[in-house]
Structure formats: C-alpha cells, structure tokens
Amino acid sequence: MPLTLALPLALASDGQLQRVEQADAVAQLIGVMATTSQSFWPHAPWFGLLEQFESARPDVQEHPRLADAINTALRELGTDGLSVATVRNAPALFGERHFDLIMTDATNTPVFRQVKA
C-alpha cells in the first residue's frame with residue numbers, strides 16, 4: 001500500500017509539513033476547490049467547485065447548493081469528521097468573494113471558518 005498524506009497536514013512557508021487543526025485544513029481544502037474548475041480533474045469533476053462558487057449570487061445570503069457540493073466533494077475524498085452545514089456570503093474587498101462556512105464536527109459542535117473564492 002502506498003504512503004499517503006491526510007488531513008490535517010499543511011505546508012509551512014519553508015516547505016516543511018506542519019500539523020494544523022482539522023477545521024483549518026478542511027477550510028484550506030475547500031478554498032482550493034473553490035478556485036479549481038470542474039474540468040481540471042476530468043476523473044473527479046466533483047472536486048472543482050469554481051463554477052459553483054462563481055455562480056453564487058452575492059445578493060443571496062445562504063447557499064445550500066454550495067454546502068451540498070462541498071459535502072459531496074469531502075465524502076468523495078474520504079474526508080470525515082467535519083461537514084458543512086451552511087455557506088453564506090461574507091464581506092470582502094471590491095472584486096473579491098468571501099464565504100463564511102459553518103461546519104459541524106462528529107459531536108455537532110459548530111466550527112466557523114471563512115474561505116476566499
């Protein structure tokens with residue numbers, strides 16, 4: 001069986017692996033998915049959520065379809081322990097899109113993070 005890396009690991013600025021909280025690692029992963037086109041990975045189109053984040057209307061507060069798409073991608077990746085309950089628009093600078101995520105862990109404790117899309 002090949003060795004693999006799993007959450008919650010991230011790269012530090014010096015290129016070394018560092019341990020991070022699971023919620024931070026998952027939020028970083030969602031940020032990558034939010035900037036990846038679904039056509040980028042033909043064998044895993046559920047990973048690329050760029051088009052869905054781009055089509056999220058800024059005048060609508062909550063985006064349940066985004067939460068569903070993120071949860072599908074996390075399941076397909078085999079990531080467990082956190083699921084996205086809510087995705088909401090968040091204040092951002094002109095030309096940027098930020099989204100507040102409310103995730104829940106295995107004990108249904110809410111975890112708040114923000115991603116830039």
# chains A, B, ... in the order shown; residues from 1 in each chain; ligands from 1
>>> residues_around(residues="range 48-65 of chain A", least_positions_apart="6", cutoff="9 Å", atoms="only C-alpha atoms", output="VMD selection string")
chain A and resid 30 32 to 41 73 85 to 90 97 117
>>> write_last_selection(atoms="C-alpha atoms", output="mmCIF file, in the first residue's frame")
data_model
loop_
_atom_site.group_PDB
_atom_site.id
_atom_site.type_symbol
_atom_site.label_atom_id
_atom_site.label_comp_id
_atom_site.auth_asym_id
_atom_site.auth_seq_id
_atom_site.Cartn_x
_atom_site.Cartn_y
_atom_site.Cartn_z
ATOM 1 C CA ILE A 30 -12.396 23.996 0.345
ATOM 2 C CA VAL A 32 -8.600 25.102 -3.256
ATOM 3 C CA MET A 33 -11.820 23.510 -4.501
ATOM 4 C CA ALA A 34 -13.397 26.980 -4.788
ATOM 5 C CA THR A 35 -10.644 28.068 -7.188
ATOM 6 C CA THR A 36 -10.432 24.845 -9.229
ATOM 7 C CA SER A 37 -12.529 24.337 -12.357
ATOM 8 C CA GLN A 38 -14.519 21.114 -12.571
ATOM 9 C CA SER A 39 -12.861 20.438 -15.938
ATOM 10 C CA PHE A 40 -9.393 20.471 -14.355
ATOM 11 C CA TRP A 41 -9.807 16.950 -12.961
ATOM 12 C CA ALA A 73 -16.600 16.510 -2.549
ATOM 13 C CA ALA A 85 -23.891 22.969 7.426
ATOM 14 C CA THR A 86 -24.073 26.475 5.950
ATOM 15 C CA VAL A 87 -22.323 28.594 3.337
ATOM 16 C CA ARG A 88 -23.017 32.341 3.490
ATOM 17 C CA ASN A 89 -21.718 35.415 1.707
ATOM 18 C CA ALA A 90 -19.218 37.353 3.798
ATOM 19 C CA ARG A 97 -15.634 36.936 -2.840
ATOM 20 C CA ALA A 117 -13.198 32.226 -3.732
#
>>> residues_around(residues="Ala27 in chain A", least_positions_apart="3", cutoff="7 Å", atoms="only C-alpha atoms", output="PyMOL selection string")
chain A and resi 23-24+30-31+113+115
>>> write_last_selection(atoms="N, CA and C atoms", output="PDB file, in the first residue's frame")
ATOM      1  N   ALA A  23     -10.217  21.644  11.182  1.00  0.00           N
ATOM      2  CA  ALA A  23     -11.099  22.645  10.577  1.00  0.00           C
ATOM      3  C   ALA A  23     -10.319  23.583   9.659  1.00  0.00           C
ATOM      4  N   ASP A  24      -9.100  23.959  10.056  1.00  0.00           N
ATOM      5  CA  ASP A  24      -8.279  24.821   9.206  1.00  0.00           C
ATOM      6  C   ASP A  24      -7.862  24.087   7.933  1.00  0.00           C
ATOM      7  N   ILE A  30     -11.205  23.410   0.987  1.00  0.00           N
ATOM      8  CA  ILE A  30     -12.396  23.996   0.345  1.00  0.00           C
ATOM      9  C   ILE A  30     -11.987  25.228  -0.460  1.00  0.00           C
ATOM     10  N   GLY A  31     -11.038  26.010   0.050  1.00  0.00           N
ATOM     11  CA  GLY A  31     -10.531  27.160  -0.698  1.00  0.00           C
ATOM     12  C   GLY A  31      -9.898  26.742  -2.015  1.00  0.00           C
ATOM     13  N   ARG A 113     -15.371  29.045   9.872  1.00  0.00           N
ATOM     14  CA  ARG A 113     -14.192  29.388   9.083  1.00  0.00           C
ATOM     15  C   ARG A 113     -14.644  30.226   7.896  1.00  0.00           C
ATOM     16  N   VAL A 115     -13.624  31.237   3.700  1.00  0.00           N
ATOM     17  CA  VAL A 115     -12.810  30.934   2.528  1.00  0.00           C
ATOM     18  C   VAL A 115     -12.944  32.066   1.522  1.00  0.00           C
TER      19      VAL A 115
END
>>> residues_around(residues="Glu76 in chain A", least_positions_apart="4", cutoff="9 Å", atoms="only C-alpha atoms", output="VMD selection string")
chain A and resid 44 46 to 47 71 to 72
>>> select_by_dssp(residues="range 12-108 of chain A", states="alpha helix (DSSP H)", output="PyMOL selection string")
chain A and resi 22-34+50-55+64-76
>>> write_last_selection(atoms="N, CA and C atoms", output="tab-separated table (two decimals), in the first residue's frame")
chain	number	residue	atom	x	y	z
A	22	GLN	N	-7.92	20.34	12.20
A	22	GLN	CA	-8.68	19.74	11.12
A	22	GLN	C	-9.57	20.77	10.42
A	23	ALA	N	-10.22	21.64	11.18
A	23	ALA	CA	-11.10	22.65	10.58
A	23	ALA	C	-10.32	23.58	9.66
A	24	ASP	N	-9.10	23.96	10.06
A	24	ASP	CA	-8.28	24.82	9.21
A	24	ASP	C	-7.86	24.09	7.93
A	25	ALA	N	-7.49	22.81	8.07
A	25	ALA	CA	-7.08	22.03	6.90
A	25	ALA	C	-8.25	21.86	5.94
A	26	VAL	N	-9.42	21.57	6.46
A	26	VAL	CA	-10.60	21.39	5.60
A	26	VAL	C	-10.97	22.71	4.93
A	27	ALA	N	-10.90	23.82	5.66
A	27	ALA	CA	-11.20	25.14	5.07
A	27	ALA	C	-10.21	25.46	3.97
A	28	GLN	N	-8.92	25.14	4.16
A	28	GLN	CA	-7.93	25.36	3.11
A	28	GLN	C	-8.24	24.50	1.89
A	29	LEU	N	-8.63	23.26	2.12
A	29	LEU	CA	-9.00	22.37	1.02
A	29	LEU	C	-10.21	22.92	0.27
A	30	ILE	N	-11.20	23.41	0.99
A	30	ILE	CA	-12.40	24.00	0.35
A	30	ILE	C	-11.99	25.23	-0.46
A	31	GLY	N	-11.04	26.01	0.05
A	31	GLY	CA	-10.53	27.16	-0.70
A	31	GLY	C	-9.90	26.74	-2.01
A	32	VAL	N	-9.19	25.62	-2.01
A	32	VAL	CA	-8.60	25.10	-3.26
A	32	VAL	C	-9.71	24.65	-4.19
A	33	MET	N	-10.70	23.96	-3.67
A	33	MET	CA	-11.82	23.51	-4.50
A	33	MET	C	-12.56	24.70	-5.10
A	34	ALA	N	-12.67	25.79	-4.32
A	34	ALA	CA	-13.40	26.98	-4.79
A	34	ALA	C	-12.68	27.69	-5.92
A	50	LEU	N	-15.19	25.81	-8.65
A	50	LEU	CA	-15.04	27.19	-9.08
A	50	LEU	C	-16.32	27.72	-9.71
A	51	GLU	N	-16.88	26.98	-10.64
A	51	GLU	CA	-18.08	27.45	-11.34
A	51	GLU	C	-19.26	27.64	-10.38
A	52	GLN	N	-19.36	26.76	-9.40
A	52	GLN	CA	-20.47	26.88	-8.45
A	52	GLN	C	-20.27	28.08	-7.52
A	53	PHE	N	-19.04	28.31	-7.08
A	53	PHE	CA	-18.79	29.49	-6.25
A	53	PHE	C	-18.99	30.77	-7.06
A	54	GLU	N	-18.57	30.77	-8.33
A	54	GLU	CA	-18.75	31.96	-9.17
A	54	GLU	C	-20.21	32.27	-9.42
A	55	SER	N	-21.04	31.22	-9.51
A	55	SER	CA	-22.46	31.46	-9.80
A	55	SER	C	-23.28	31.76	-8.55
A	64	PRO	N	-27.29	26.90	-0.01
A	64	PRO	CA	-27.36	25.48	0.36
A	64	PRO	C	-26.79	24.55	-0.72
A	65	ARG	N	-26.88	24.95	-1.99
A	65	ARG	CA	-26.30	24.09	-3.05
A	65	ARG	C	-24.78	24.03	-2.94
A	66	LEU	N	-24.17	25.12	-2.53
A	66	LEU	CA	-22.72	25.09	-2.30
A	66	LEU	C	-22.37	24.16	-1.14
A	67	ALA	N	-23.13	24.22	-0.08
A	67	ALA	CA	-22.89	23.33	1.06
A	67	ALA	C	-23.01	21.87	0.63
A	68	ASP	N	-24.04	21.56	-0.17
A	68	ASP	CA	-24.22	20.19	-0.66
A	68	ASP	C	-23.05	19.76	-1.54
A	69	ALA	N	-22.60	20.64	-2.43
A	69	ALA	CA	-21.49	20.32	-3.34
A	69	ALA	C	-20.20	20.10	-2.56
A	70	ILE	N	-19.96	20.92	-1.55
A	70	ILE	CA	-18.76	20.76	-0.73
A	70	ILE	C	-18.81	19.43	0.02
A	71	ASN	N	-19.97	19.12	0.61
A	71	ASN	CA	-20.09	17.87	1.35
A	71	ASN	C	-19.92	16.66	0.45
A	72	THR	N	-20.43	16.73	-0.77
A	72	THR	CA	-20.22	15.65	-1.73
A	72	THR	C	-18.74	15.48	-2.02
A	73	ALA	N	-18.04	16.58	-2.27
A	73	ALA	CA	-16.60	16.51	-2.55
A	73	ALA	C	-15.83	15.95	-1.35
A	74	LEU	N	-16.17	16.38	-0.15
A	74	LEU	CA	-15.49	15.87	1.04
A	74	LEU	C	-15.72	14.37	1.20
A	75	ARG	N	-16.95	13.91	0.94
A	75	ARG	CA	-17.24	12.47	1.02
A	75	ARG	C	-16.44	11.70	-0.03
A	76	GLU	N	-16.40	12.23	-1.26
A	76	GLU	CA	-15.67	11.56	-2.34
A	76	GLU	C	-14.18	11.47	-2.02
>>> decode(residues="range 40-65 of chain A", atoms="N, CA and C atoms", output="compact mmCIF listing (two decimals), in the first residue's frame")
# COMPACT_ATOMS: atom_id res chain seq x y z
N PHE A 40 -10.80 20.66 -14.63
CA PHE A 40 -9.39 20.47 -14.36
C PHE A 40 -9.07 19.02 -14.02
N TRP A 41 -9.97 18.36 -13.32
CA TRP A 41 -9.81 16.95 -12.96
C TRP A 41 -10.94 16.16 -13.61
N PRO A 42 -10.80 15.72 -14.87
CA PRO A 42 -11.90 15.02 -15.55
C PRO A 42 -12.39 13.77 -14.80
N HIS A 43 -11.49 13.10 -14.09
CA HIS A 43 -11.87 11.89 -13.35
C HIS A 43 -12.55 12.22 -12.02
N ALA A 44 -12.50 13.49 -11.60
CA ALA A 44 -13.11 13.90 -10.33
C ALA A 44 -13.72 15.29 -10.47
N PRO A 45 -14.74 15.45 -11.34
CA PRO A 45 -15.31 16.79 -11.54
C PRO A 45 -15.96 17.37 -10.30
N TRP A 46 -16.31 16.53 -9.32
CA TRP A 46 -16.91 17.00 -8.07
C TRP A 46 -15.91 17.81 -7.25
N PHE A 47 -14.60 17.67 -7.53
CA PHE A 47 -13.59 18.41 -6.77
C PHE A 47 -13.59 19.89 -7.13
N GLY A 48 -13.72 20.20 -8.41
CA GLY A 48 -13.68 21.59 -8.86
C GLY A 48 -15.00 22.29 -8.63
N LEU A 49 -14.99 23.26 -7.74
CA LEU A 49 -16.22 23.99 -7.39
C LEU A 49 -16.18 25.45 -7.84
N LEU A 50 -15.19 25.81 -8.65
CA LEU A 50 -15.04 27.19 -9.08
C LEU A 50 -16.32 27.72 -9.71
N GLU A 51 -16.88 26.98 -10.64
CA GLU A 51 -18.08 27.45 -11.34
C GLU A 51 -19.26 27.64 -10.38
N GLN A 52 -19.36 26.76 -9.40
CA GLN A 52 -20.47 26.88 -8.45
C GLN A 52 -20.27 28.08 -7.52
N PHE A 53 -19.04 28.31 -7.08
CA PHE A 53 -18.79 29.49 -6.25
C PHE A 53 -18.99 30.77 -7.06
N GLU A 54 -18.57 30.77 -8.33
CA GLU A 54 -18.75 31.96 -9.17
C GLU A 54 -20.21 32.27 -9.42
N SER A 55 -21.04 31.22 -9.51
CA SER A 55 -22.46 31.46 -9.80
C SER A 55 -23.28 31.76 -8.55
N ALA A 56 -22.66 31.70 -7.38
CA ALA A 56 -23.37 32.03 -6.14
C ALA A 56 -23.69 33.52 -6.14
N ARG A 57 -24.95 33.83 -6.10
CA ARG A 57 -25.37 35.23 -6.19
C ARG A 57 -24.98 36.00 -4.94
N PRO A 58 -24.37 37.17 -5.13
CA PRO A 58 -23.96 37.96 -3.96
C PRO A 58 -25.13 38.57 -3.20
N ASP A 59 -26.30 38.64 -3.82
CA ASP A 59 -27.46 39.23 -3.15
C ASP A 59 -28.27 38.18 -2.37
N VAL A 60 -27.84 36.93 -2.42
CA VAL A 60 -28.49 35.86 -1.66
C VAL A 60 -27.57 35.49 -0.50
N GLN A 61 -28.10 35.49 0.70
CA GLN A 61 -27.26 35.29 1.88
C GLN A 61 -26.74 33.86 2.00
N GLU A 62 -27.62 32.86 1.94
CA GLU A 62 -27.20 31.47 2.13
C GLU A 62 -27.18 30.72 0.81
N HIS A 63 -26.27 29.75 0.73
CA HIS A 63 -26.08 28.97 -0.50
C HIS A 63 -26.09 27.48 -0.17
N PRO A 64 -27.29 26.90 -0.01
CA PRO A 64 -27.36 25.48 0.36
C PRO A 64 -26.79 24.55 -0.72
N ARG A 65 -26.88 24.95 -1.99
CA ARG A 65 -26.30 24.09 -3.05
C ARG A 65 -24.78 24.03 -2.94
